[in-house]
Amino acid sequence: MKLDRIDIKILHELQKNGRITNVELAELVHLSPSPCLMRVKKLQSEGYIEGYSAQVNIGKLGQTLTVFTEITLKNHRQVDFARFLAVVEKIDQVIECHLVSGGYDYLMKFVTAGIGEYQTIMERLTDMDIGIDKYFSFVVLKSPIVKAHMPLPSLFPM
């Protein structure tokens, strides 16, 4: 399926507000409701839309700690990466994990109940012998900018 600018606009609007009505969405993308709904269903069936979810205000629930962690592995064979990922993908507190270029291998984002929980996780990971050589932790003090949507129109101009 080749996307056009209207498809990109539909995706952009839906990622900002997944609860928008089809009529409202159709107005924003300058279509009538029926063709708009057909496009949304096509985007869903083709896998461009993976699902819908609520954005929870975690701060309302209580205090949390966000930590970005740089992890360097001892060895860099495919089996080493696979062994590491097989373990960390099961940790609920790992929100993001990125294989990166540069001075370390992975940049991970943890959200925990506090520093004690984070340290327990890291101690368990280093004790498991899954190939971690070293890690550096960066505790988030404040997050002045957090966006839940990607800038689709500028990433994929039509």
# chains A, B, ... in the order shown; residues from 1 in each chain; ligands from 1
>>> select_by_dssp(residues="chain A", states="strand (DSSP E or B)", output="ChimeraX atom specification")
/A:65-73,94-99,106-112,132-139
>>> write_last_selection(atoms="C-alpha atoms", output="CSV table (one decimal), in the first residue's frame")
chain,number,residue,atom,x,y,z
A,65,LEU,CA,11.9,7.5,38.9
A,66,THR,CA,13.0,7.6,35.3
A,67,VAL,CA,16.5,6.5,34.5
A,68,PHE,CA,18.3,6.4,31.1
A,69,THR,CA,21.0,3.8,31.2
A,70,GLU,CA,23.9,3.2,28.8
A,71,ILE,CA,24.9,-0.4,28.6
A,72,THR,CA,28.1,-1.8,27.1
A,73,LEU,CA,28.3,-5.6,26.4
A,94,VAL,CA,12.3,-1.3,30.8
A,95,ILE,CA,10.2,1.1,28.7
A,96,GLU,CA,12.6,1.5,25.8
A,97,CYS,CA,15.7,-0.2,24.6
A,98,HIS,CA,17.7,1.1,21.7
A,99,LEU,CA,20.8,-0.5,20.0
A,106,TYR,CA,22.3,0.0,24.3
A,107,LEU,CA,20.4,3.1,25.6
A,108,MET,CA,17.6,2.0,27.8
A,109,LYS,CA,14.8,3.8,29.6
A,110,PHE,CA,13.7,2.5,32.9
A,111,VAL,CA,10.7,3.7,34.9
A,112,THR,CA,10.7,2.4,38.5
A,132,ILE,CA,27.1,-6.7,30.6
A,133,ASP,CA,30.6,-5.1,30.7
A,134,LYS,CA,29.6,-1.8,32.3
A,135,TYR,CA,26.6,0.6,32.6
A,136,PHE,CA,26.1,4.2,33.3
A,137,SER,CA,22.9,5.6,34.8
A,138,PHE,CA,21.4,9.0,34.2
A,139,VAL,CA,18.5,9.9,36.6
>>> atom_distance(atom1="atom CA of Arg124 of chain A", atom2="atom CA of Ala82 of chain A")
17.9 Å
>>> residues_around(residues="segment 59-63 of chain A", least_positions_apart="2", cutoff="9 Å", atoms="only C-alpha atoms", output="list in words")
Val56, Asn57, Leu65, Ala113 and Gly114 of chain A
>>> write_last_selection(atoms="all heavy atoms", output="JSON list (two decimals), in the first residue's frame")
[["chain", "number", "residue", "atom", "x", "y", "z"],
["A", 56, "VAL", "N", -1.71, 7.52, 30.16],
["A", 56, "VAL", "CA", -1.94, 7.62, 31.59],
["A", 56, "VAL", "C", -1.01, 8.68, 32.18],
["A", 56, "VAL", "O", 0.19, 8.70, 31.89],
["A", 56, "VAL", "CB", -1.69, 6.25, 32.27],
["A", 56, "VAL", "CG1", -1.82, 6.36, 33.78],
["A", 56, "VAL", "CG2", -2.63, 5.21, 31.70],
["A", 57, "ASN", "N", -1.56, 9.55, 33.01],
["A", 57, "ASN", "CA", -0.77, 10.54, 33.73],
["A", 57, "ASN", "C", -0.16, 9.84, 34.94],
["A", 57, "ASN", "O", -0.78, 9.77, 36.00],
["A", 57, "ASN", "CB", -1.65, 11.73, 34.14],
["A", 57, "ASN", "CG", -0.86, 12.81, 34.85],
["A", 57, "ASN", "OD1", 0.26, 12.59, 35.31],
["A", 57, "ASN", "ND2", -1.45, 13.98, 34.96],
["A", 65, "LEU", "N", 10.55, 7.06, 39.29],
["A", 65, "LEU", "CA", 11.90, 7.46, 38.93],
["A", 65, "LEU", "C", 12.15, 7.00, 37.50],
["A", 65, "LEU", "O", 11.94, 5.83, 37.18],
["A", 65, "LEU", "CB", 12.92, 6.81, 39.87],
["A", 65, "LEU", "CG", 14.39, 7.10, 39.54],
["A", 65, "LEU", "CD1", 14.75, 8.50, 40.01],
["A", 65, "LEU", "CD2", 15.29, 6.07, 40.22],
["A", 113, "ALA", "N", 9.72, 2.47, 40.69],
["A", 113, "ALA", "CA", 9.10, 3.10, 41.85],
["A", 113, "ALA", "C", 10.10, 3.97, 42.61],
["A", 113, "ALA", "O", 9.69, 4.85, 43.37],
["A", 113, "ALA", "CB", 8.52, 2.03, 42.77],
["A", 114, "GLY", "N", 11.37, 3.75, 42.40],
["A", 114, "GLY", "CA", 12.38, 4.55, 43.09],
["A", 114, "GLY", "C", 13.77, 4.02, 42.81],
["A", 114, "GLY", "O", 13.96, 3.03, 42.09]]
>>> residues_around(residues="segment 24-28 of chain A", least_positions_apart="2", cutoff="9 Å", atoms="only C-alpha atoms", output="number ranges by chain")
A: 9-10, 13-14, 20-22, 30-37
>>> closest_residue(among="A:Ile58, A:Ile115, A:Leu3, A:Leu85", to="Lys42 of chain A", atoms="only C-alpha atoms")
A:Leu3
>>> closest_residue(among="A:Gln119, A:Gln15, A:Val29, A:Arg39", to="Lys2 of chain A", atoms="only C-alpha atoms")
A:Arg39
>>> closest_residue(among="A:Tyr118, A:Tyr104, A:Phe156, A:Tyr48", to="Asn75 of chain A", atoms="only C-alpha atoms")
A:Tyr104
>>> atom_distance(atom1="atom CA of Ser53 of chain A", atom2="atom CA of Ile8 of chain A")
19.5 Å
>>> closest_residue(among="A:Ile6, A:Asp92, A:Gln55, A:Lys41", to="Lys147 of chain A", atoms="only C-alpha atoms")
A:Gln55
>>> atom_distance(atom1="atom CA of Met158 of chain A", atom2="atom CA of Asp4 of chain A")
6.5 Å
>>> select_by_dssp(residues="segment 38-115 of chain A", states="helix (DSSP H, G or I)", output="list in words")
Met38, Arg39, Val40, Lys41, Lys42, Leu43, Gln44, Ser45, Ile58, Gly59, Lys60, Leu61, Gln78, Val79, Asp80, Phe81, Ala82, Arg83, Phe84, Leu85, Ala86, Val87, Val88 and Ile115 of chain A
>>> residues_around(residues="Ile121 of chain A", least_positions_apart="4", cutoff="9 Å", atoms="only C-alpha atoms", output="list of chain:residue names")
A:Ile91, A:Gln93, A:Gly116, A:Glu117, A:Leu125, A:Thr126
